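Okay, structure-v2.txt is below, compact mmCIF, C-alpha atoms:
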# COMPACT_ATOMS: atom_id res chain seq x y z
CA LEU A 22 61.21 61.39 164.82
CA GLN A 23 64.61 59.67 164.89
CA VAL A 24 65.59 57.91 161.63
CA LEU A 25 68.52 55.47 161.56
CA HIS A 26 70.02 55.00 158.10
CA THR A 27 71.73 51.62 157.82
CA TYR A 28 71.62 48.25 156.10
CA LYS A 29 69.90 45.26 157.68
CA GLY A 30 72.08 43.26 160.07
CA ASN A 31 74.62 46.03 160.78
CA LYS A 32 75.92 45.13 164.24
CA ASN A 33 77.11 48.70 164.81
CA ALA A 34 73.57 49.98 164.27
CA ASP A 35 72.31 47.46 166.85
CA LYS A 36 73.91 49.57 169.63
CA ALA A 37 71.47 52.45 169.11
CA LEU A 38 68.47 50.18 168.51
CA ILE A 39 69.09 48.24 171.74
CA ALA A 40 69.63 51.47 173.70
CA ALA A 41 66.31 52.71 172.28
CA GLU A 42 64.55 49.60 173.66
CA TYR A 43 65.96 50.30 177.13
CA VAL A 44 64.94 53.99 177.20
CA GLY A 45 61.60 53.53 175.42
CA VAL A 46 62.34 55.53 172.28
CA LYS A 47 61.01 54.78 168.81
CA ILE A 48 63.60 54.78 166.00
CA ASP A 49 62.57 54.42 162.39
CA VAL A 50 64.81 52.31 160.11
CA PRO A 51 63.95 52.78 156.41
CA SER A 52 63.64 49.43 154.63
CA ASP A 53 64.76 50.75 151.25
CA PHE A 54 68.37 51.51 152.26
CA ALA A 55 70.81 50.00 149.73
CA MET A 56 74.47 49.92 150.78
CA GLY A 57 76.67 51.29 148.02
CA VAL A 58 73.76 53.25 146.55
CA THR A 59 71.87 55.17 149.26
CA ASN A 60 75.05 56.11 151.12
CA LYS A 61 76.55 57.66 147.97
CA THR A 62 73.68 60.07 147.32
CA PRO A 63 74.22 63.83 147.87
CA GLU A 64 71.50 63.77 150.57
CA PHE A 65 73.33 61.09 152.55
CA LEU A 66 76.76 62.69 152.10
CA LYS A 67 75.37 65.91 153.63
CA MET A 68 74.64 63.88 156.78
CA ASN A 69 77.99 62.02 156.77
CA PRO A 70 80.61 63.19 154.26
CA MET A 71 82.45 59.85 154.70
CA GLY A 72 79.45 57.95 153.34
CA LYS A 73 79.57 55.46 156.20
CA VAL A 74 76.71 53.92 158.16
CA PRO A 75 74.95 54.10 160.50
CA VAL A 76 73.76 57.72 160.52
CA LEU A 77 71.00 58.97 162.83
CA GLU A 78 68.80 61.72 161.43
CA THR A 79 67.35 63.80 164.28
CA PRO A 80 65.15 66.94 164.38
CA GLU A 81 68.27 68.87 165.47
CA GLY A 82 70.52 67.47 162.75
CA PRO A 83 72.42 64.26 161.90
CA VAL A 84 74.74 62.22 164.14
CA PHE A 85 77.28 59.74 162.81
CA GLU A 86 79.70 57.22 164.44
CA SER A 87 77.84 54.33 166.08
CA ASN A 88 79.05 54.94 169.66
CA ALA A 89 78.06 58.62 169.47
CA ILE A 90 74.63 57.63 168.12
CA ALA A 91 74.16 55.11 170.94
CA ARG A 92 75.18 57.74 173.53
CA TYR A 93 72.71 60.22 172.07
CA VAL A 94 69.87 57.68 172.03
CA SER A 95 70.63 56.59 175.62
CA ARG A 96 69.90 60.15 176.81
CA LEU A 97 66.76 60.85 174.75
CA ASN A 98 64.46 60.23 177.71
CA GLY A 99 66.62 62.10 180.20
CA GLU A 100 69.17 60.67 182.60
CA ASN A 101 68.80 56.94 183.29
CA SER A 102 70.76 53.95 184.55
CA LEU A 103 72.29 53.30 181.12
CA ASN A 104 74.89 55.99 181.85
CA GLY A 105 75.68 55.07 185.44
CA SER A 106 74.44 56.59 188.70
CA SER A 107 77.50 58.71 189.53
CA LEU A 108 80.29 60.60 187.85
CA ILE A 109 82.76 57.73 188.34
CA GLU A 110 80.25 55.21 186.97
CA TYR A 111 79.69 57.46 183.94
CA ALA A 112 83.47 57.52 183.41
CA HIS A 113 83.60 53.73 183.68
CA VAL A 114 80.78 53.37 181.13
CA GLU A 115 82.81 55.54 178.74
CA GLN A 116 85.99 53.62 179.59
CA TRP A 117 84.59 50.18 178.75
CA SER A 118 82.77 51.46 175.67
CA ASP A 119 86.01 52.85 174.26
CA PHE A 120 88.04 49.84 175.40
CA SER A 121 85.79 47.31 173.68
CA THR A 122 85.69 49.39 170.50
CA LEU A 123 89.47 49.83 170.25
CA GLU A 124 90.84 46.63 171.79
CA ILE A 125 88.14 44.13 170.84
CA TYR A 126 86.10 45.34 167.85
CA GLY A 127 89.14 46.88 166.16
CA ASN A 128 91.10 43.63 166.31
CA ILE A 129 88.11 41.46 165.33
CA LEU A 130 87.82 43.66 162.23
CA LYS A 131 91.54 43.22 161.45
CA TRP A 132 91.04 39.44 161.64
CA PHE A 133 87.67 39.21 159.86
CA GLY A 134 88.10 41.94 157.22
CA PRO A 135 91.11 40.51 155.33
CA ARG A 136 89.56 37.02 155.35
CA MET A 137 86.50 38.42 153.59
CA GLY A 138 88.62 40.23 151.00
CA PHE A 139 87.74 43.72 152.34
CA MET A 140 91.46 44.44 152.73
CA PRO A 141 94.72 42.66 151.79
CA TYR A 142 95.50 39.54 153.82
CA SER A 143 98.84 38.89 155.49
CA ALA A 144 99.59 36.07 157.91
CA PRO A 145 101.76 38.21 160.23
CA GLY A 146 98.99 40.84 160.27
CA GLU A 147 96.42 38.23 161.24
CA GLU A 148 98.66 36.82 163.94
CA ALA A 149 99.18 40.32 165.38
CA ALA A 150 95.42 41.03 165.35
CA ILE A 151 94.61 37.72 167.08
CA SER A 152 97.33 38.26 169.67
CA ALA A 153 96.05 41.79 170.42
CA LEU A 154 92.44 40.54 170.55
CA LYS A 155 93.47 37.85 172.99
CA ARG A 156 95.05 40.48 175.27
CA GLY A 157 91.85 42.54 175.16
CA LEU A 158 89.64 39.54 175.89
CA ASP A 159 91.95 38.47 178.71
CA ALA A 160 91.58 41.89 180.38
CA LEU A 161 87.81 41.76 179.92
CA ASN A 162 87.71 38.19 181.27
CA THR A 163 89.62 39.24 184.39
CA HIS A 164 87.20 42.11 185.09
CA LEU A 165 84.19 39.82 184.61
CA THR A 166 85.59 37.24 187.05
CA SER A 167 83.98 39.24 189.86
CA ASN A 168 81.45 41.38 187.96
CA THR A 169 78.16 40.33 186.32
CA TYR A 170 78.07 43.52 184.23
CA LEU A 171 80.80 45.96 183.29
CA VAL A 172 79.64 48.84 185.51
CA GLY A 173 77.45 48.53 188.61
CA HIS A 174 74.78 45.87 189.03
CA SER A 175 72.64 46.36 185.93
CA ILE A 176 73.07 46.75 182.17
CA THR A 177 74.58 50.05 181.05
CA LEU A 178 75.50 51.50 177.68
CA ALA A 179 78.95 49.93 178.20
CA ASP A 180 77.36 46.46 178.06
CA ILE A 181 75.29 47.34 174.99
CA ILE A 182 78.32 48.61 173.05
CA THR A 183 80.65 45.83 174.25
CA VAL A 184 78.24 42.97 173.51
CA CYS A 185 77.47 44.37 170.03
CA ASN A 186 81.23 44.56 169.43
CA LEU A 187 81.67 40.99 170.66
CA ASN A 188 78.75 39.83 168.52
CA LEU A 189 80.70 40.56 165.34
CA GLY A 190 83.44 38.21 166.57
CA PHE A 191 81.15 35.46 167.84
CA ALA A 192 79.26 35.51 164.52
CA THR A 193 82.28 35.48 162.20
CA VAL A 194 85.70 34.34 163.50
CA MET A 195 85.59 33.57 167.24
CA THR A 196 84.79 29.86 167.34
CA LYS A 197 84.02 27.95 170.55
CA SER A 198 87.58 26.62 170.65
CA PHE A 199 88.79 30.25 170.65
CA THR A 200 86.34 31.73 173.18
CA SER A 201 86.59 28.80 175.63
CA ALA A 202 89.86 30.34 176.85
CA PHE A 203 87.75 33.24 178.20
CA PRO A 204 84.92 31.57 180.18
CA HIS A 205 83.74 34.73 181.97
CA VAL A 206 83.49 36.58 178.65
CA GLU A 207 81.44 33.67 177.27
CA ARG A 208 79.11 33.66 180.28
CA TYR A 209 78.72 37.45 180.08
CA PHE A 210 78.10 37.52 176.32
CA TRP A 211 75.42 34.83 176.32
CA THR A 212 73.73 36.28 179.41
CA VAL A 213 73.49 39.79 177.96
CA ILE A 214 72.75 38.93 174.31
CA ASN A 215 69.75 36.89 175.48
CA GLN A 216 68.17 39.74 177.48
CA PRO A 217 64.70 40.58 176.06
CA ASN A 218 65.68 44.07 174.83
CA PHE A 219 68.69 42.60 173.00
CA LYS A 220 66.69 39.73 171.48
CA LYS A 221 64.11 42.18 170.08
CA VAL A 222 66.88 43.69 167.97
CA VAL A 223 69.36 40.89 167.25
CA GLY A 224 67.11 37.82 167.40
CA ASP A 225 68.69 34.42 168.00
CA VAL A 226 72.48 34.58 167.91
CA LYS A 227 74.62 31.58 166.93
CA GLN A 228 78.36 31.24 167.32
CA THR A 229 80.34 30.55 164.16
CA GLU A 230 81.56 26.97 163.79
CA ALA A 231 84.61 27.82 161.68
CA VAL A 232 86.89 30.70 160.76
CA PRO A 233 86.00 31.66 157.16
CA PRO A 234 88.49 30.80 154.41
CA ILE A 235 90.50 33.66 152.97
CA LYS A 236 89.29 35.53 149.90
CA LYS A 237 91.76 37.67 147.98
CA ALA A 238 91.07 41.40 148.23
CA GLY A 239 88.75 42.46 145.46
CA GLN A 240 88.01 38.87 144.44
CA PRO A 241 84.22 38.93 144.91
CA ALA A 242 83.79 41.96 142.63
CA LYS A 243 85.36 40.54 139.47
CA PRO A 244 82.71 37.98 138.45
CA LYS A 245 80.00 40.66 138.80
CA GLU A 246 81.78 43.29 136.69
CA GLU A 247 82.54 41.22 133.60
CA PRO A 248 78.99 40.04 132.76
CA LYS A 249 77.73 43.64 133.04
CA LYS A 250 80.11 44.79 130.30
CA LYS A 251 78.80 42.09 127.95
CA ALA A 252 75.14 42.41 128.90
CA ALA A 253 74.17 45.28 126.57
CA PRO A 254 75.57 43.92 123.29
CA ALA A 255 74.37 40.40 124.12
CA ALA A 256 70.81 41.64 124.50
CA GLU A 257 70.90 43.30 121.06
CA ALA A 258 72.54 40.39 119.26
CA PRO A 259 70.60 37.62 117.53
CA LYS A 260 69.77 34.69 119.79
CA VAL A 261 72.17 32.33 118.07
CA VAL A 262 75.11 34.67 118.79
CA GLU A 263 74.06 34.97 122.40
CA GLU A 264 74.02 31.20 122.74
CA GLU A 265 77.47 30.93 121.19
CA GLU A 266 78.89 33.49 123.58
CA GLU A 267 77.41 31.70 126.57
CA ALA A 268 78.48 28.22 125.52
CA PRO A 269 81.04 26.88 128.00
CA LYS A 270 84.55 26.66 126.68
CA PRO A 271 86.23 23.25 126.83
CA LYS A 272 88.20 22.91 130.03
CA ALA A 273 91.93 23.34 129.47
CA LYS A 274 93.98 20.29 130.32
CA ASN A 275 96.23 20.56 133.35
CA PRO A 276 99.86 20.52 132.13
CA LEU A 277 100.56 17.78 134.67
CA ASP A 278 98.16 15.49 132.81
CA LEU A 279 100.38 15.84 129.72
CA LEU A 280 103.53 14.55 131.47
CA PRO A 281 104.87 11.13 130.48
CA PRO A 282 103.18 8.35 132.49
CA SER A 283 104.81 7.55 135.83
CA PRO A 284 105.17 4.08 137.34
CA MET A 285 104.21 5.68 140.68
CA VAL A 286 100.42 5.76 141.07
CA LEU A 287 99.62 8.42 143.67
CA ASP A 288 96.33 6.86 144.76
CA GLU A 289 98.07 3.55 145.46
CA TRP A 290 100.52 5.31 147.77
CA LYS A 291 97.69 7.17 149.52
CA ARG A 292 95.84 3.88 150.08
CA LEU A 293 98.96 2.24 151.48
CA TYR A 294 99.52 5.22 153.82
CA SER A 295 95.90 5.17 155.04
CA ASN A 296 95.62 1.40 155.48
CA THR A 297 98.91 0.75 157.31
CA LYS A 298 98.01 0.48 160.98
CA SER A 299 101.14 -1.26 162.33
CA ASN A 300 104.82 -1.73 161.42
CA PHE A 301 104.55 1.64 159.62
CA ARG A 302 108.27 1.97 158.94
CA GLU A 303 108.55 -1.58 157.51
CA VAL A 304 105.33 -1.44 155.47
CA ALA A 305 104.38 2.12 154.50
CA ILE A 306 107.80 3.80 154.44
CA LYS A 307 109.42 0.89 152.60
CA GLY A 308 106.43 0.86 150.23
CA PHE A 309 106.85 4.59 149.58
CA TRP A 310 110.50 4.29 148.56
CA ASP A 311 109.71 1.23 146.42
CA MET A 312 107.03 3.27 144.60
CA TYR A 313 108.78 6.64 144.43
CA ASP A 314 109.58 7.82 140.91
CA PRO A 315 112.10 10.72 141.04
CA GLU A 316 111.55 11.47 137.36
CA GLY A 317 107.78 11.73 137.54
CA TYR A 318 107.54 13.28 141.01
CA SER A 319 109.52 15.59 143.29
CA LEU A 320 109.78 15.95 147.06
CA TRP A 321 109.85 19.35 148.77
CA PHE A 322 110.45 20.55 152.32
CA CYS A 323 108.67 23.70 153.46
CA ASP A 324 109.31 25.86 156.52
CA TYR A 325 106.95 28.60 157.69
CA LYS A 326 108.63 32.00 157.41
CA TYR A 327 106.93 33.58 160.44
CA ASN A 328 107.28 30.99 163.20
CA ASP A 329 107.98 33.74 165.74
CA GLU A 330 104.32 34.78 165.33
CA ASN A 331 103.00 31.28 166.23
CA MET A 332 102.27 32.13 169.86
CA VAL A 333 98.78 30.58 170.12
CA SER A 334 98.53 26.82 169.56
CA PHE A 335 95.00 26.63 168.15
CA VAL A 336 95.59 29.64 165.88
CA THR A 337 98.66 27.87 164.49
CA LEU A 338 96.66 24.67 163.98
CA ASN A 339 93.84 26.59 162.27
CA LYS A 340 96.38 28.29 160.01
CA VAL A 341 97.75 24.95 158.85
CA GLY A 342 94.24 23.54 158.50
CA GLY A 343 93.28 26.48 156.29
CA PHE A 344 96.35 25.94 154.12
CA LEU A 345 95.40 22.29 153.58
CA GLN A 346 91.82 23.27 152.68
CA ARG A 347 93.09 25.69 150.04
CA MET A 348 95.36 22.97 148.64
CA ASP A 349 92.29 20.92 147.75
CA LEU A 350 92.68 21.91 144.07
CA ALA A 351 95.97 19.91 144.08
CA ARG A 352 94.57 16.67 145.54
CA LYS A 353 95.00 14.75 142.28
CA TYR A 354 98.67 15.74 142.03
CA ALA A 355 100.04 15.95 145.59
CA PHE A 356 100.53 14.34 148.98
CA GLY A 357 101.62 16.34 152.01
CA LYS A 358 102.54 16.16 155.69
CA MET A 359 102.49 19.23 157.93
CA LEU A 360 104.11 19.01 161.37
CA ILE A 361 103.52 21.56 164.13
CA CYS A 362 106.53 21.23 166.42
CA GLY A 363 107.22 22.36 169.99
CA SER A 364 105.77 21.84 173.44
CA GLU A 365 105.40 25.61 173.99
CA ALA A 366 105.20 28.79 171.92
CA PRO A 367 106.47 29.86 169.50
CA PHE A 368 105.51 26.74 167.53
CA LYS A 369 107.39 25.74 164.37
CA VAL A 370 105.53 24.63 161.25
CA LYS A 371 107.41 22.27 158.92
CA GLY A 372 106.10 20.38 155.93
CA LEU A 373 106.92 17.71 153.37
CA TRP A 374 105.18 17.65 149.97
CA LEU A 375 105.20 15.19 147.10
CA PHE A 376 104.24 16.88 143.80
CA ARG A 377 103.69 15.46 140.33
CA GLY A 378 106.43 16.74 138.05
CA PRO A 379 109.98 17.99 138.66
CA GLU A 380 108.92 21.38 140.12
CA ILE A 381 106.16 22.75 142.32
CA PRO A 382 103.21 23.01 139.89
CA LYS A 383 102.66 26.56 138.68
CA PHE A 384 98.88 26.47 139.16
CA ILE A 385 99.40 25.74 142.86
CA MET A 386 101.85 28.64 143.25
CA ASP A 387 99.39 30.92 141.44
CA GLU A 388 96.20 29.87 143.24
CA VAL A 389 97.25 29.04 146.82
CA TYR A 390 98.52 32.25 148.40
CA ASP A 391 99.84 30.33 151.48
CA MET A 392 102.69 28.98 149.32
CA GLU A 393 104.41 32.35 149.64
CA LEU A 394 104.37 32.08 153.43
CA TYR A 395 106.82 29.15 153.34
CA GLU A 396 110.42 28.64 152.30
CA TRP A 397 110.51 25.75 149.80
CA THR A 398 113.54 23.48 149.38
CA LYS A 399 113.71 20.54 147.00
CA ALA A 400 114.71 17.34 148.79
CA ASP A 401 117.87 15.62 147.59
CA ILE A 402 117.25 11.93 148.27
CA SER A 403 120.81 11.01 147.25
CA ASP A 404 121.64 12.57 150.65
CA GLU A 405 120.84 9.88 153.21
CA ALA A 406 120.12 12.48 155.91
CA GLN A 407 117.51 14.18 153.73
CA LYS A 408 116.00 10.83 152.73
CA GLU A 409 115.72 9.89 156.41
CA ARG A 410 114.08 13.28 157.14
CA VAL A 411 111.45 12.49 154.49
CA SER A 412 110.78 9.11 156.13
CA GLN A 413 110.47 10.64 159.60
CA MET A 414 108.03 13.29 158.39
CA ILE A 415 105.82 10.74 156.65
CA GLU A 416 105.63 8.59 159.78
CA ASP A 417 105.21 11.49 162.28
CA ALA A 418 108.37 10.51 164.13
CA GLU A 419 108.54 12.02 167.62
CA PRO A 420 110.56 13.78 168.81
CA PHE A 421 111.16 15.35 165.40
CA GLU A 422 114.46 17.20 165.17
CA GLY A 423 114.59 17.33 168.96
CA GLU A 424 111.07 18.67 169.52
CA ALA A 425 107.71 17.25 170.54
CA LEU A 426 104.88 17.23 167.98
CA LEU A 427 101.95 19.45 168.88
CA ASP A 428 100.12 17.94 165.91
CA ALA A 429 100.66 16.37 162.49
CA LYS A 430 98.28 16.86 159.59
CA CYS A 431 98.14 14.87 156.36
CA PHE A 432 97.00 15.98 152.90
CA LYS A 433 96.01 12.98 150.83
Take the structure in the file and give it back as structure tokens.
Amino acid sequence: LQVLHTYKGNKNADKALIAAEYVGVKIDVPSDFAMGVTNKTPEFLKMNPMGKVPVLETPEGPVFESNAIARYVSRLNGENSLNGSSLIEYAHVEQWSDFSTLEIYGNILKWFGPRMGFMPYSAPGEEAAISALKRGLDALNTHLTSNTYLVGHSITLADIITVCNLNLGFATVMTKSFTSAFPHVERYFWTVINQPNFKKVVGDVKQTEAVPPIKKAGQPAKPKEEPKKKAAPAAEAPKVVEEEEEAPKPKAKNPLDLLPPSPMVLDEWKRLYSNTKSNFREVAIKGFWDMYDPEGYSLWFCDYKYNDENMVSFVTLNKVGGFLQRMDLARKYAFGKMLICGSEAPFKVKGLWLFRGPEIPKFIMDEVYDMELYEWTKADISDEAQKERVSQMIEDAEPFEGEALLDAKCFK
């Protein structure tokens, strides 16, 4: 009996389970596996001292590393077409299996992992991972231009491993707008993932509609740890004490709400901006300067520090879009324009922000990690050139500073 130790939904474990369907082998998957518990037991660590999953328990001993497990399973019923019909085909099966693991899965993980808080996030690191993933997908796309499958004319272990590796990307970070640049990879993925032996294991697969927002490393664990520390004494305490401890504390006032009133009403400016459909310079821009209160508000220019990394247009646009999503906590106190400049890579990202108060609010600097990815310069509107730059950024003037606008996004 072959026993595969893993948690439900592990796409690396799917490789062995799909191979088992093709060769007609039964693999048992215990339903009581608990990640973080089972894989830390002495029994499990004897099978894999790293404590990682999946692990295949066989009558001859354990096997770990998902590709090795899939290779083992593919040979359980003797030689078959999963490993190619010749020595060169066998080599090509190994080649594409290793290629998709290193060049595709590895870079998907470097993109997806930091966004989920499994490892520290850095924008240059993400850009590098996406760029490397694109190169890998481009090579795969070229090969699939004239090949239905990776090796020969039927599904091999190379297709099983590669499609399981791709599935992580399709399910988490590779949106349709990303994969549409690789049409042969798309055709191949959807053809293979919908084969009956794949569907038995993975079920119906859907492509992600959006790249997930970024969580700070370690962030998900904190809320779970703190209640556990309080749980024991709370249970022993009288009910009235428990209720007092659980009573919500009054919400602290935002320091910006304590500033002296300003004659500039931010919502009025946002309405004027949104409702001006013609004569923008004469109506909206003039209205802005009539409203602007330099004592109650401040204007800031921002420039992205890593423009040399902005080699892919939609990645750059997604990056800015993500920044604006994370700025949502500042909506009551800010207005912003983000311009993506250039007709070809590398694209430059430049922004203009109006903040309540004389400085960039501290809670924004603390909570929105993207702020550190930009150089911030306070606008001096006594300088006519800087004042004109503010006006041009608000109205999406093109060309802006000699360059075409790829896109302009507004935060309001």
Review point. Suppose you want the space between atom CA of Thr169 of chain A and atom CA of Thr193 of chain A; what is it in Å?
Key: 24.9 Å
Check your understanding: Looking at only C-alpha atoms, which of A:Gln116, A:Thr27, A:Thr398, A:Asn101 is the one that sits closest to Phe65 of chain A?
Key ->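 Of A:Gln116, A:Thr27, A:Thr398, A:Asn101, the one nearest Phe65 of chain A is A:Thr27, counting only C-alpha atoms.
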Point to revise | Among the residues A:Val304, A:Asp311, A:Asn104, A:Leu277, the one that comes closest to Ala351 of chain A [using all atoms listed in the file] | key: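 With all atoms listed in the file as the atom set, the closest residue is A:Leu277.
Of the residues under consideration (A:Glu424, A:Glu148, A:Asp387, A:Glu303), A:Glu148 shows the shortest atom-to-atom contact distance to Asn128 of chain A when counting only C-alpha atoms.
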Using all atoms listed in the file, determine which residues lie at most 9 Å from segment 214-219 of chain A, disregarding the query and same-chain residues fewer than 2 positions distant; provide the list as an mmCIF file with C-alpha atoms, in the frame of the given file.
data_model
loop_
_atom_site.group_PDB
_atom_site.id
_atom_site.type_symbol
_atom_site.label_atom_id
_atom_site.label_comp_id
_atom_site.auth_asym_id
_atom_site.auth_seq_id
_atom_site.Cartn_x
_atom_site.Cartn_y
_atom_site.Cartn_z
ATOM 1 C CA ASP A 35 72.310 47.460 166.850
ATOM 2 C CA LEU A 38 68.470 50.180 168.510
ATOM 3 C CA ILE A 39 69.090 48.240 171.740
ATOM 4 C CA ALA A 40 69.630 51.470 173.700
ATOM 5 C CA GLU A 42 64.550 49.600 173.660
ATOM 6 C CA TYR A 43 65.960 50.300 177.130
ATOM 7 C CA ILE A 181 75.290 47.340 174.990
ATOM 8 C CA VAL A 184 78.240 42.970 173.510
ATOM 9 C CA CYS A 185 77.470 44.370 170.030
ATOM 10 C CA ASN A 188 78.750 39.830 168.520
ATOM 11 C CA TYR A 209 78.720 37.450 180.080
ATOM 12 C CA PHE A 210 78.100 37.520 176.320
ATOM 13 C CA TRP A 211 75.420 34.830 176.320
ATOM 14 C CA THR A 212 73.730 36.280 179.410
ATOM 15 C CA LYS A 221 64.110 42.180 170.080
ATOM 16 C CA VAL A 222 66.880 43.690 167.970
ATOM 17 C CA VAL A 223 69.360 40.890 167.250
ATOM 18 C CA GLY A 224 67.110 37.820 167.400
ATOM 19 C CA ASP A 225 68.690 34.420 168.000
ATOM 20 C CA VAL A 226 72.480 34.580 167.910
#
**Study point:** From A:Phe356, A:Pro379, A:Lys433, A:Leu373, residue lying nearest Ser295 of chain A [all atoms listed in the file]
**Key:**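 The closest residue to Ser295 of chain A is A:Lys433.
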Review point. With only C-alpha atoms as the basis for distance, which of A:Arg156, A:Asp349, A:Val206, A:Gly82 is at the shortest distance from Tyr170 of chain A?
Key: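 Under the stated criterion, the closest residue is A:Val206.
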Practice item. Grab the atom CA of Val76 of chain A to atom CA of Phe54 of chain A distance for me, in Å with one decimal place. Key: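 One can read the atom CA of Val76 of chain A to atom CA of Phe54 of chain A distance as 11.7 Å.
Of the listed residues (A:Met137, A:Ile182, A:Val84, A:Ala55), A:Val84 comes nearest to Pro70 of chain A; the distances count all atoms listed in the file.
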Exercise for review: Write out as a ChimeraX atom specification the residues lying within 9 Å of segment 341-344 of chain A, counting all atoms listed in the file and excluding same-chain residues fewer than 2 positions away.
Suggested key: /A:232-235,336-339,346-348,359,361,370,389-392,430
Pull C-alpha atoms from the residues just selected and write them as a PDB file, keeping the file's coordinate frame.
ATOM      1  CA  VAL A 232      86.890  30.700 160.760  1.00  0.00           C
ATOM      2  CA  PRO A 233      86.000  31.660 157.160  1.00  0.00           C
ATOM      3  CA  PRO A 234      88.490  30.800 154.410  1.00  0.00           C
ATOM      4  CA  ILE A 235      90.500  33.660 152.970  1.00  0.00           C
ATOM      5  CA  VAL A 336      95.590  29.640 165.880  1.00  0.00           C
ATOM      6  CA  THR A 337      98.660  27.870 164.490  1.00  0.00           C
ATOM      7  CA  LEU A 338      96.660  24.670 163.980  1.00  0.00           C
ATOM      8  CA  ASN A 339      93.840  26.590 162.270  1.00  0.00           C
ATOM      9  CA  GLN A 346      91.820  23.270 152.680  1.00  0.00           C
ATOM     10  CA  ARG A 347      93.090  25.690 150.040  1.00  0.00           C
ATOM     11  CA  MET A 348      95.360  22.970 148.640  1.00  0.00           C
ATOM     12  CA  MET A 359     102.490  19.230 157.930  1.00  0.00           C
ATOM     13  CA  ILE A 361     103.520  21.560 164.130  1.00  0.00           C
ATOM     14  CA  VAL A 370     105.530  24.630 161.250  1.00  0.00           C
ATOM     15  CA  VAL A 389      97.250  29.040 146.820  1.00  0.00           C
ATOM     16  CA  TYR A 390      98.520  32.250 148.400  1.00  0.00           C
ATOM     17  CA  ASP A 391      99.840  30.330 151.480  1.00  0.00           C
ATOM     18  CA  MET A 392     102.690  28.980 149.320  1.00  0.00           C
ATOM     19  CA  LYS A 430      98.280  16.860 159.590  1.00  0.00           C
TER      20      LYS A 430
END
Practice item. Go ahead and find all residues with at least one atom no further than 10 Å from (112.1, 12.9, 155.5) in the file's coordinates, using all atoms listed in the file; report them as a PyMOL selection string. Key: chain A and resi 320-322+372-373+400+402+405-418
Check your understanding: Quick one: distance from atom CA of Lys369 of chain A to atom CA of Trp132 of chain A in Å, one decimal?
Key -> 21.5 Å
For the point (97.0, 5.9, 152.7) in file coordinates, what residues are within 12 Å, counting only C-alpha atoms? Give the answer as a compact mmCIF listing (two decimals) with C-alpha atoms, keeping the file's coordinate frame?
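Output file result-v5.txt follows:
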# COMPACT_ATOMS: atom_id res chain seq x y z
CA LEU A 287 99.62 8.42 143.67
CA ASP A 288 96.33 6.86 144.76
CA GLU A 289 98.07 3.55 145.46
CA TRP A 290 100.52 5.31 147.77
CA LYS A 291 97.69 7.17 149.52
CA ARG A 292 95.84 3.88 150.08
CA LEU A 293 98.96 2.24 151.48
CA TYR A 294 99.52 5.22 153.82
CA SER A 295 95.90 5.17 155.04
CA ASN A 296 95.62 1.40 155.48
CA THR A 297 98.91 0.75 157.31
CA LYS A 298 98.01 0.48 160.98
CA PHE A 301 104.55 1.64 159.62
CA VAL A 304 105.33 -1.44 155.47
CA ALA A 305 104.38 2.12 154.50
CA ILE A 306 107.80 3.80 154.44
CA GLY A 308 106.43 0.86 150.23
CA PHE A 309 106.85 4.59 149.58
CA PHE A 356 100.53 14.34 148.98
CA GLY A 357 101.62 16.34 152.01
CA ILE A 415 105.82 10.74 156.65
CA GLU A 416 105.63 8.59 159.78
CA CYS A 431 98.14 14.87 156.36
CA PHE A 432 97.00 15.98 152.90
CA LYS A 433 96.01 12.98 150.83
